[in-house]
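Source file: entry22.pdb. Holds: PDB, N, CA and C atoms.
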```
ATOM      1  N   MET A   1      55.236   2.642  14.135
ATOM      2  CA  MET A   1      55.405   2.377  12.717
ATOM      3  C   MET A   1      56.432   1.266  12.562
ATOM      4  N   SER A   2      56.168   0.331  11.712
ATOM      5  CA  SER A   2      57.114  -0.753  11.502
ATOM      6  C   SER A   2      58.056  -0.404  10.357
ATOM      7  N   ASP A   3      59.184  -1.081  10.336
ATOM      8  CA  ASP A   3      60.177  -0.855   9.298
ATOM      9  C   ASP A   3      59.726  -1.519   8.006
ATOM     10  N   LEU A   4      59.609  -0.738   6.934
ATOM     11  CA  LEU A   4      59.129  -1.266   5.665
ATOM     12  C   LEU A   4      60.259  -1.560   4.689
ATOM     13  N   ARG A   5      61.493  -1.307   5.103
ATOM     14  CA  ARG A   5      62.619  -1.571   4.210
ATOM     15  C   ARG A   5      62.621  -3.025   3.777
ATOM     16  N   GLY A   6      62.792  -3.249   2.512
ATOM     17  CA  GLY A   6      62.826  -4.597   1.987
ATOM     18  C   GLY A   6      61.453  -5.178   1.685
ATOM     19  N   HIS A   7      60.384  -4.434   1.988
ATOM     20  CA  HIS A   7      59.040  -4.938   1.770
ATOM     21  C   HIS A   7      58.331  -4.267   0.598
ATOM     22  N   SER A   8      58.919  -3.227   0.062
ATOM     23  CA  SER A   8      58.292  -2.577  -1.075
ATOM     24  C   SER A   8      59.274  -2.611  -2.243
ATOM     25  N   PRO A   9      58.760  -2.691  -3.461
ATOM     26  CA  PRO A   9      59.653  -2.812  -4.613
ATOM     27  C   PRO A   9      60.428  -1.528  -4.862
ATOM     28  N   ARG A  10      61.659  -1.676  -5.287
ATOM     29  CA  ARG A  10      62.428  -0.524  -5.737
ATOM     30  C   ARG A  10      61.940  -0.199  -7.134
ATOM     31  N   ARG A  11      61.850   1.073  -7.413
ATOM     32  CA  ARG A  11      61.246   1.486  -8.674
ATOM     33  C   ARG A  11      62.287   2.211  -9.522
ATOM     34  N   TYR A  12      63.137   1.411 -10.131
ATOM     35  CA  TYR A  12      64.224   1.930 -10.936
ATOM     36  C   TYR A  12      63.907   1.862 -12.419
ATOM     37  N   VAL A  13      64.544   2.754 -13.155
ATOM     38  CA  VAL A  13      64.531   2.732 -14.607
ATOM     39  C   VAL A  13      65.969   2.977 -15.062
ATOM     40  N   VAL A  14      66.208   2.791 -16.327
ATOM     41  CA  VAL A  14      67.523   3.083 -16.898
ATOM     42  C   VAL A  14      67.415   4.424 -17.610
ATOM     43  N   ASP A  15      68.301   5.357 -17.258
ATOM     44  CA  ASP A  15      68.243   6.679 -17.892
ATOM     45  C   ASP A  15      68.885   6.631 -19.277
ATOM     46  N   VAL A  16      68.925   7.767 -19.960
ATOM     47  CA  VAL A  16      69.438   7.823 -21.331
ATOM     48  C   VAL A  16      70.922   7.489 -21.420
ATOM     49  N   SER A  17      71.629   7.587 -20.300
ATOM     50  CA  SER A  17      73.054   7.248 -20.280
ATOM     51  C   SER A  17      73.289   5.806 -19.863
ATOM     52  N   GLY A  18      72.183   5.052 -19.671
ATOM     53  CA  GLY A  18      72.300   3.655 -19.306
ATOM     54  C   GLY A  18      72.514   3.410 -17.822
ATOM     55  N   ARG A  19      72.270   4.420 -17.016
ATOM     56  CA  ARG A  19      72.459   4.288 -15.568
ATOM     57  C   ARG A  19      71.131   3.991 -14.896
ATOM     58  N   ARG A  20      71.173   3.199 -13.857
ATOM     59  CA  ARG A  20      69.981   2.795 -13.100
ATOM     60  C   ARG A  20      69.652   3.879 -12.081
ATOM     61  N   VAL A  21      68.463   4.472 -12.206
ATOM     62  CA  VAL A  21      68.032   5.541 -11.303
ATOM     63  C   VAL A  21      66.597   5.284 -10.850
ATOM     64  N   LEU A  22      66.238   5.847  -9.721
ATOM     65  CA  LEU A  22      64.847   5.786  -9.283
ATOM     66  C   LEU A  22      64.019   6.712 -10.165
ATOM     67  N   VAL A  23      62.832   6.275 -10.528
ATOM     68  CA  VAL A  23      61.945   7.071 -11.365
ATOM     69  C   VAL A  23      61.814   8.476 -10.768
ATOM     70  N   GLY A  24      62.046   9.486 -11.590
ATOM     71  CA  GLY A  24      61.867  10.866 -11.167
ATOM     72  C   GLY A  24      63.067  11.503 -10.500
ATOM     73  N   LEU A  25      64.119  10.711 -10.219
ATOM     74  CA  LEU A  25      65.312  11.258  -9.570
ATOM     75  C   LEU A  25      66.497  11.205 -10.531
ATOM     76  N   THR A  26      67.432  12.118 -10.330
ATOM     77  CA  THR A  26      68.667  12.101 -11.092
ATOM     78  C   THR A  26      69.583  11.020 -10.516
ATOM     79  N   LEU A  27      70.685  10.756 -11.191
ATOM     80  CA  LEU A  27      71.662   9.797 -10.682
ATOM     81  C   LEU A  27      72.174  10.247  -9.310
ATOM     82  N   GLU A  28      72.453  11.534  -9.172
ATOM     83  CA  GLU A  28      72.954  12.062  -7.910
ATOM     84  C   GLU A  28      71.903  11.932  -6.801
ATOM     85  N   GLU A  29      70.652  12.244  -7.126
ATOM     86  CA  GLU A  29      69.579  12.125  -6.138
ATOM     87  C   GLU A  29      69.336  10.666  -5.751
ATOM     88  N   THR A  30      69.428   9.770  -6.732
ATOM     89  CA  THR A  30      69.259   8.349  -6.441
ATOM     90  C   THR A  30      70.343   7.880  -5.483
ATOM     91  N   SER A  31      71.571   8.265  -5.750
ATOM     92  CA  SER A  31      72.690   7.890  -4.878
ATOM     93  C   SER A  31      72.502   8.473  -3.473
ATOM     94  N   GLU A  32      72.089   9.737  -3.409
ATOM     95  CA  GLU A  32      71.847  10.369  -2.111
ATOM     96  C   GLU A  32      70.726   9.659  -1.361
ATOM     97  N   PHE A  33      69.629   9.347  -2.064
ATOM     98  CA  PHE A  33      68.501   8.671  -1.441
ATOM     99  C   PHE A  33      68.921   7.316  -0.881
ATOM    100  N   GLU A  34      69.653   6.552  -1.667
ATOM    101  CA  GLU A  34      70.085   5.231  -1.214
ATOM    102  C   GLU A  34      70.983   5.332   0.020
ATOM    103  N   GLY A  35      71.864   6.328   0.042
ATOM    104  CA  GLY A  35      72.725   6.529   1.211
ATOM    105  C   GLY A  35      71.930   6.915   2.442
ATOM    106  N   LEU A  36      70.980   7.828   2.261
ATOM    107  CA  LEU A  36      70.129   8.232   3.382
ATOM    108  C   LEU A  36      69.291   7.061   3.876
ATOM    109  N   ASP A  37      68.744   6.293   2.945
ATOM    110  CA  ASP A  37      67.895   5.160   3.287
ATOM    111  C   ASP A  37      68.665   4.141   4.127
ATOM    112  N   ALA A  38      69.912   3.903   3.761
ATOM    113  CA  ALA A  38      70.733   2.941   4.489
ATOM    114  C   ALA A  38      71.130   3.459   5.874
ATOM    115  N   SER A  39      71.152   4.785   6.037
ATOM    116  CA  SER A  39      71.601   5.357   7.307
ATOM    117  C   SER A  39      70.480   5.589   8.316
ATOM    118  N   LEU A  40      69.240   5.488   7.872
ATOM    119  CA  LEU A  40      68.124   5.727   8.795
ATOM    120  C   LEU A  40      68.026   4.598   9.806
ATOM    121  N   PRO A  41      67.740   4.944  11.055
ATOM    122  CA  PRO A  41      67.604   3.894  12.066
ATOM    123  C   PRO A  41      66.326   3.079  11.842
ATOM    124  N   VAL A  42      66.383   1.832  12.226
ATOM    125  CA  VAL A  42      65.219   0.962  12.154
ATOM    126  C   VAL A  42      64.401   1.197  13.408
ATOM    127  N   LEU A  43      63.102   1.510  13.240
ATOM    128  CA  LEU A  43      62.236   1.762  14.386
ATOM    129  C   LEU A  43      61.801   0.438  14.990
ATOM    130  N   GLY A  44      61.721   0.426  16.276
ATOM    131  CA  GLY A  44      61.247  -0.768  16.961
ATOM    132  C   GLY A  44      60.985  -0.425  18.417
ATOM    133  N   GLY A  45      60.133  -1.180  19.024
ATOM    134  CA  GLY A  45      59.834  -0.937  20.432
ATOM    135  C   GLY A  45      59.046   0.340  20.638
ATOM    136  N   GLU A  46      59.278   0.966  21.781
ATOM    137  CA  GLU A  46      58.556   2.195  22.125
ATOM    138  C   GLU A  46      59.078   3.372  21.314
ATOM    139  N   VAL A  47      58.168   4.243  20.942
ATOM    140  CA  VAL A  47      58.539   5.478  20.258
ATOM    141  C   VAL A  47      58.323   6.625  21.229
ATOM    142  N   HIS A  48      59.373   7.417  21.437
ATOM    143  CA  HIS A  48      59.296   8.552  22.351
ATOM    144  C   HIS A  48      58.997   9.818  21.569
ATOM    145  N   ASP A  49      58.436  10.822  22.249
ATOM    146  CA  ASP A  49      58.062  12.076  21.595
ATOM    147  C   ASP A  49      59.214  12.693  20.818
ATOM    148  N   ALA A  50      60.433  12.621  21.365
ATOM    149  CA  ALA A  50      61.590  13.214  20.692
ATOM    150  C   ALA A  50      61.850  12.542  19.348
ATOM    151  N   GLU A  51      61.478  11.265  19.192
ATOM    152  CA  GLU A  51      61.703  10.542  17.953
ATOM    153  C   GLU A  51      60.689  10.911  16.873
ATOM    154  N   LEU A  52      59.626  11.623  17.249
ATOM    155  CA  LEU A  52      58.601  12.001  16.280
ATOM    156  C   LEU A  52      58.997  13.229  15.474
ATOM    157  N   VAL A  53      60.027  13.951  15.916
ATOM    158  CA  VAL A  53      60.518  15.119  15.189
ATOM    159  C   VAL A  53      61.583  14.633  14.205
ATOM    160  N   PRO A  54      61.337  14.807  12.923
ATOM    161  CA  PRO A  54      62.306  14.288  11.952
ATOM    162  C   PRO A  54      63.621  15.062  11.971
ATOM    163  N   SER A  55      64.704  14.333  11.800
ATOM    164  CA  SER A  55      66.020  14.960  11.692
ATOM    165  C   SER A  55      66.164  15.542  10.291
ATOM    166  N   ALA A  56      67.247  16.271  10.065
ATOM    167  CA  ALA A  56      67.509  16.825   8.734
ATOM    168  C   ALA A  56      67.671  15.692   7.719
ATOM    169  N   ILE A  57      68.290  14.598   8.143
ATOM    170  CA  ILE A  57      68.473  13.445   7.253
ATOM    171  C   ILE A  57      67.125  12.856   6.874
ATOM    172  N   GLU A  58      66.263  12.676   7.872
ATOM    173  CA  GLU A  58      64.933  12.133   7.598
ATOM    174  C   GLU A  58      64.127  13.073   6.711
ATOM    175  N   GLY A  59      64.260  14.373   6.945
ATOM    176  CA  GLY A  59      63.552  15.361   6.138
ATOM    177  C   GLY A  59      63.980  15.307   4.682
ATOM    178  N   ARG A  60      65.278  15.181   4.450
ATOM    179  CA  ARG A  60      65.785  15.091   3.074
ATOM    180  C   ARG A  60      65.338  13.786   2.424
ATOM    181  N   TRP A  61      65.339  12.680   3.206
ATOM    182  CA  TRP A  61      64.868  11.396   2.701
ATOM    183  C   TRP A  61      63.416  11.526   2.238
ATOM    184  N   VAL A  62      62.582  12.155   3.065
ATOM    185  CA  VAL A  62      61.169  12.334   2.737
ATOM    186  C   VAL A  62      61.022  13.187   1.483
ATOM    187  N   GLU A  63      61.823  14.234   1.380
ATOM    188  CA  GLU A  63      61.774  15.116   0.203
ATOM    189  C   GLU A  63      62.084  14.343  -1.079
ATOM    190  N   LEU A  64      63.146  13.548  -1.055
ATOM    191  CA  LEU A  64      63.511  12.764  -2.233
ATOM    192  C   LEU A  64      62.485  11.669  -2.511
ATOM    193  N   TYR A  65      62.012  11.011  -1.447
ATOM    194  CA  TYR A  65      61.016   9.963  -1.642
ATOM    195  C   TYR A  65      59.737  10.540  -2.238
ATOM    196  N   ASP A  66      59.322  11.705  -1.747
ATOM    197  CA  ASP A  66      58.104  12.339  -2.255
ATOM    198  C   ASP A  66      58.248  12.667  -3.742
ATOM    199  N   LYS A  67      59.401  13.203  -4.132
ATOM    200  CA  LYS A  67      59.648  13.515  -5.543
ATOM    201  C   LYS A  67      59.576  12.234  -6.380
ATOM    202  N   HIS A  68      60.222  11.186  -5.876
ATOM    203  CA  HIS A  68      60.210   9.907  -6.580
ATOM    204  C   HIS A  68      58.799   9.324  -6.656
ATOM    205  N   ASP A  69      58.081   9.339  -5.548
ATOM    206  CA  ASP A  69      56.757   8.718  -5.493
ATOM    207  C   ASP A  69      55.775   9.421  -6.428
ATOM    208  N   LYS A  70      55.820  10.735  -6.472
ATOM    209  CA  LYS A  70      54.935  11.473  -7.381
ATOM    210  C   LYS A  70      55.252  11.133  -8.833
ATOM    211  N   ALA A  71      56.539  11.033  -9.161
ATOM    212  CA  ALA A  71      56.938  10.678 -10.521
ATOM    213  C   ALA A  71      56.521   9.240 -10.845
ATOM    214  N   TRP A  72      56.635   8.339  -9.867
ATOM    215  CA  TRP A  72      56.240   6.943 -10.056
ATOM    216  C   TRP A  72      54.741   6.852 -10.351
ATOM    217  N   ILE A  73      53.943   7.572  -9.595
ATOM    218  CA  ILE A  73      52.490   7.557  -9.792
ATOM    219  C   ILE A  73      52.148   8.060 -11.197
ATOM    220  N   LYS A  74      52.797   9.151 -11.623
ATOM    221  CA  LYS A  74      52.552   9.684 -12.962
ATOM    222  C   LYS A  74      53.013   8.695 -14.022
ATOM    223  N   TRP A  75      54.172   8.088 -13.828
ATOM    224  CA  TRP A  75      54.711   7.128 -14.787
ATOM    225  C   TRP A  75      53.774   5.937 -14.951
ATOM    226  N   LYS A  76      53.265   5.420 -13.831
ATOM    227  CA  LYS A  76      52.332   4.291 -13.891
ATOM    228  C   LYS A  76      51.036   4.698 -14.607
ATOM    229  N   ALA A  77      50.541   5.903 -14.338
ATOM    230  CA  ALA A  77      49.325   6.380 -15.006
ATOM    231  C   ALA A  77      49.565   6.518 -16.508
ATOM    232  N   ASP A  78      50.743   7.038 -16.886
ATOM    233  CA  ASP A  78      51.080   7.169 -18.303
ATOM    234  C   ASP A  78      51.151   5.799 -18.972
ATOM    235  N   LEU A  79      51.707   4.818 -18.280
ATOM    236  CA  LEU A  79      51.767   3.456 -18.833
ATOM    237  C   LEU A  79      50.369   2.908 -19.065
ATOM    238  N   ARG A  80      49.497   3.102 -18.088
ATOM    239  CA  ARG A  80      48.121   2.616 -18.228
ATOM    240  C   ARG A  80      47.403   3.324 -19.367
ATOM    241  N   ALA A  81      47.739   4.580 -19.595
ATOM    242  CA  ALA A  81      47.081   5.356 -20.650
ATOM    243  C   ALA A  81      47.753   5.143 -22.009
ATOM    244  N   GLY A  82      48.814   4.324 -22.037
ATOM    245  CA  GLY A  82      49.497   4.047 -23.302
ATOM    246  C   GLY A  82      50.385   5.170 -23.771
ATOM    247  N   GLN A  83      50.847   6.006 -22.855
ATOM    248  CA  GLN A  83      51.672   7.153 -23.217
ATOM    249  C   GLN A  83      53.124   6.976 -22.803
ATOM    250  N   GLN A  84      53.573   5.747 -22.581
ATOM    251  CA  GLN A  84      54.924   5.535 -22.087
ATOM    252  C   GLN A  84      55.986   6.086 -23.031
ATOM    253  N   ASP A  85      55.684   6.182 -24.328
ATOM    254  CA  ASP A  85      56.662   6.715 -25.276
ATOM    255  C   ASP A  85      56.919   8.202 -25.056
ATOM    256  N   ASN A  86      55.974   8.894 -24.431
ATOM    257  CA  ASN A  86      56.126  10.321 -24.177
ATOM    258  C   ASN A  86      56.625  10.613 -22.770
ATOM    259  N   SER A  87      56.979   9.588 -22.025
ATOM    260  CA  SER A  87      57.392   9.763 -20.636
ATOM    261  C   SER A  87      58.700  10.531 -20.545
ATOM    262  N   LEU A  88      58.750  11.496 -19.647
ATOM    263  CA  LEU A  88      59.952  12.285 -19.413
ATOM    264  C   LEU A  88      61.059  11.448 -18.805
ATOM    265  N   PHE A  89      60.737  10.314 -18.231
ATOM    266  CA  PHE A  89      61.724   9.532 -17.500
ATOM    267  C   PHE A  89      62.639   8.741 -18.410
ATOM    268  N   PHE A  90      62.322   8.644 -19.683
ATOM    269  CA  PHE A  90      63.140   7.885 -20.601
ATOM    270  C   PHE A  90      63.743   8.757 -21.684
ATOM    271  N   ASN A  91      63.475  10.063 -21.666
ATOM    272  CA  ASN A  91      63.999  10.960 -22.701
ATOM    273  C   ASN A  91      65.405  11.383 -22.375
TER     274      ASN A  91
END
```

Starting from the file, give its structure as C-alpha coordinates.
Amino acid sequence: MSDLRGHSPRRYVVDVSGRRVLVGLTLEETSEFEGLDASLPVLGGEVHDAELVPSAIEGRWVELYDKHDKAWIKWKADLRAGQQDNSLFFN
(Lines of atoms letter the chains of each structure in order from A and count residues from 1; the text may use other names and numbers.)
(Lines give C-alpha, C1' and ligand atoms only; values in the text may rest on other atoms or scores of the structure.)
Protein backbone atom coordinates (compact mmCIF):
# COMPACT_ATOMS: atom_id res chain seq x y z
CA MET A 1 0.00 0.00 0.00
CA SER A 2 1.37 3.41 -0.84
CA ASP A 3 1.23 6.43 1.42
CA LEU A 4 -1.78 8.57 0.52
CA ARG A 5 -1.06 11.42 2.92
CA GLY A 6 -1.20 14.70 1.10
CA HIS A 7 -3.01 13.19 -1.89
CA SER A 8 -6.59 13.39 -0.71
CA PRO A 9 -8.47 16.54 0.26
CA ARG A 10 -9.05 17.36 3.89
CA ARG A 11 -12.74 17.60 4.52
CA TYR A 12 -13.21 20.31 7.09
CA VAL A 13 -16.18 22.46 8.00
CA VAL A 14 -16.62 25.25 10.52
CA ASP A 15 -18.70 24.23 13.54
CA VAL A 16 -21.23 26.46 15.33
CA SER A 17 -18.45 27.86 17.54
CA GLY A 18 -16.41 28.86 14.50
CA ARG A 19 -13.84 26.10 14.90
CA ARG A 20 -12.49 24.08 11.97
CA VAL A 21 -13.36 20.39 12.34
CA LEU A 22 -13.49 17.34 10.10
CA VAL A 23 -17.02 16.59 8.94
CA GLY A 24 -18.68 14.28 11.46
CA LEU A 25 -16.03 14.68 14.18
CA THR A 26 -15.96 16.86 17.27
CA LEU A 27 -13.16 19.35 17.87
CA GLU A 28 -11.53 16.86 20.25
CA GLU A 29 -11.85 13.99 17.76
CA THR A 30 -10.46 16.17 14.96
CA SER A 31 -7.45 17.06 17.09
CA GLU A 32 -6.95 13.41 18.05
CA PHE A 33 -7.25 12.28 14.43
CA GLU A 34 -4.72 14.85 13.23
CA GLY A 35 -2.26 13.79 15.95
CA LEU A 36 -2.68 10.12 15.12
CA ASP A 37 -2.38 10.82 11.40
CA ALA A 38 0.91 12.66 11.91
CA SER A 39 2.29 9.84 14.08
CA LEU A 40 1.57 6.94 11.73
CA PRO A 41 4.62 5.55 9.97
CA VAL A 42 4.92 5.97 6.23
CA LEU A 43 4.78 2.58 4.51
CA GLY A 44 7.41 1.80 1.96
CA GLY A 45 9.40 -1.10 0.67
CA GLU A 46 8.60 -4.62 1.80
CA VAL A 47 5.66 -5.23 4.10
CA HIS A 48 6.15 -7.99 6.67
CA ASP A 49 3.35 -10.08 8.20
CA ALA A 50 3.83 -8.39 11.59
CA GLU A 51 3.09 -5.01 9.96
CA LEU A 52 -0.32 -6.23 8.75
CA VAL A 53 -1.67 -6.33 12.32
CA PRO A 54 -2.84 -2.83 13.19
CA SER A 55 -1.58 -1.22 16.37
CA ALA A 56 -3.95 0.43 18.85
CA ILE A 57 -3.01 3.79 17.31
CA GLU A 58 -3.83 2.57 13.82
CA GLY A 59 -7.08 1.05 15.07
CA ARG A 60 -8.18 4.33 16.64
CA TRP A 61 -7.17 6.21 13.46
CA VAL A 62 -9.34 3.85 11.40
CA GLU A 63 -12.24 4.27 13.84
CA LEU A 64 -12.13 8.07 13.60
CA TYR A 65 -11.57 8.03 9.84
CA ASP A 66 -14.52 5.67 9.36
CA LYS A 67 -16.78 7.96 11.42
CA HIS A 68 -15.61 10.95 9.42
CA ASP A 69 -15.88 9.21 6.04
CA LYS A 70 -19.45 8.03 6.66
CA ALA A 71 -20.46 11.54 7.71
CA TRP A 72 -18.70 13.00 4.63
CA ILE A 73 -20.58 10.64 2.30
CA LYS A 74 -23.90 11.58 3.92
CA TRP A 75 -23.04 15.30 3.83
CA LYS A 76 -22.18 15.13 0.12
CA ALA A 77 -25.42 13.23 -0.61
CA ASP A 78 -27.41 15.84 1.35
CA LEU A 79 -25.74 18.62 -0.66
CA ARG A 80 -26.64 16.91 -3.92
CA ALA A 81 -30.22 16.47 -2.72
CA GLY A 82 -30.43 20.15 -1.74
CA GLN A 83 -30.78 19.41 1.97
CA GLN A 84 -27.64 21.16 3.19
CA ASP A 85 -29.73 23.47 5.40
CA ASN A 86 -30.85 20.44 7.42
CA SER A 87 -27.35 19.02 7.82
CA LEU A 88 -26.40 18.03 11.36
CA PHE A 89 -22.84 19.18 10.70
CA PHE A 90 -23.71 22.86 10.74
CA ASN A 91 -26.30 22.95 13.55

request  = For A:Lys67, work out the shell of residues within 6.5 Å, counting all atoms listed in the file and skipping chain neighbours fewer than 4 positions away, then give it as an MDAnalysis selection string.
outcome  = chainID A and resid 23:25 62:63 71:72

Please enclose the listed atoms of stretch 19-36 of chain A in an axis-aligned box, pad each side by 6 Å, and write out the centre and the three edge lengths in Å, rounded to one decimal, as JSON.
```
{"center_x": 67.4, "center_y": 7.5, "center_z": -6.6, "size_x": 23.1, "size_y": 21.4, "size_z": 32.9}
```

Within 8 Å of A:Glu32 using all atoms listed in the file, minus same-chain residues under 4 positions, as a PyMOL selection string = chain A and resi 26-28+36-38+60-61+64

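One finds atom CA of A:Glu58 at 27.2 Å from atom C of A:Lys76.
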
query = When DSSP works through the backbone of this structure, what residues of stretch 14-82 of chain A end up as strand (DSSP E or B), shown as a PyMOL selection string?
reply = chain A and resi 14+20-22

Near A:Val21, within 7 Å and counting only N, CA and C atoms, which residues show up once chain neighbours fewer than 5 positions away are dropped, as a PDB file with N, CA and C atoms, in the coordinates of the input?
```pdb
ATOM      1  N   ARG A  11      61.850   1.073  -7.413  1.00  0.00           N
ATOM      2  CA  ARG A  11      61.246   1.486  -8.674  1.00  0.00           C
ATOM      3  C   ARG A  11      62.287   2.211  -9.522  1.00  0.00           C
ATOM      4  N   TYR A  12      63.137   1.411 -10.131  1.00  0.00           N
ATOM      5  CA  TYR A  12      64.224   1.930 -10.936  1.00  0.00           C
ATOM      6  C   TYR A  12      63.907   1.862 -12.419  1.00  0.00           C
ATOM      7  N   VAL A  13      64.544   2.754 -13.155  1.00  0.00           N
ATOM      8  CA  VAL A  13      64.531   2.732 -14.607  1.00  0.00           C
ATOM      9  C   VAL A  13      65.969   2.977 -15.062  1.00  0.00           C
ATOM     10  N   VAL A  14      66.208   2.791 -16.327  1.00  0.00           N
ATOM     11  CA  VAL A  14      67.523   3.083 -16.898  1.00  0.00           C
ATOM     12  C   VAL A  14      67.415   4.424 -17.610  1.00  0.00           C
ATOM     13  N   ASP A  15      68.301   5.357 -17.258  1.00  0.00           N
ATOM     14  CA  ASP A  15      68.243   6.679 -17.892  1.00  0.00           C
ATOM     15  C   ASP A  15      68.885   6.631 -19.277  1.00  0.00           C
ATOM     16  N   THR A  26      67.432  12.118 -10.330  1.00  0.00           N
ATOM     17  CA  THR A  26      68.667  12.101 -11.092  1.00  0.00           C
ATOM     18  C   THR A  26      69.583  11.020 -10.516  1.00  0.00           C
ATOM     19  N   LEU A  27      70.685  10.756 -11.191  1.00  0.00           N
ATOM     20  CA  LEU A  27      71.662   9.797 -10.682  1.00  0.00           C
ATOM     21  C   LEU A  27      72.174  10.247  -9.310  1.00  0.00           C
ATOM     22  N   THR A  30      69.428   9.770  -6.732  1.00  0.00           N
ATOM     23  CA  THR A  30      69.259   8.349  -6.441  1.00  0.00           C
ATOM     24  C   THR A  30      70.343   7.880  -5.483  1.00  0.00           C
TER      25      THR A  30
END
```

remark   = Atom pair atom CA of A:Asp66 + atom CA of A:Asp78, distance 18.3 Å

query = What residues in stretch 52-84 of chain A get the DSSP label alpha helix (DSSP H)? Please answer as a PyMOL selection string.
reply = chain A and resi 56-80

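Atom C of A:Ala77 is positioned 26.5 Å from atom C of A:Ser31.
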
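Distance annotation: of A:Leu22, A:Ile57, A:Ile73, A:Leu79, the residue with the minimal separation from A:Gly35 is A:Ile57; atom set is only C-alpha atoms.
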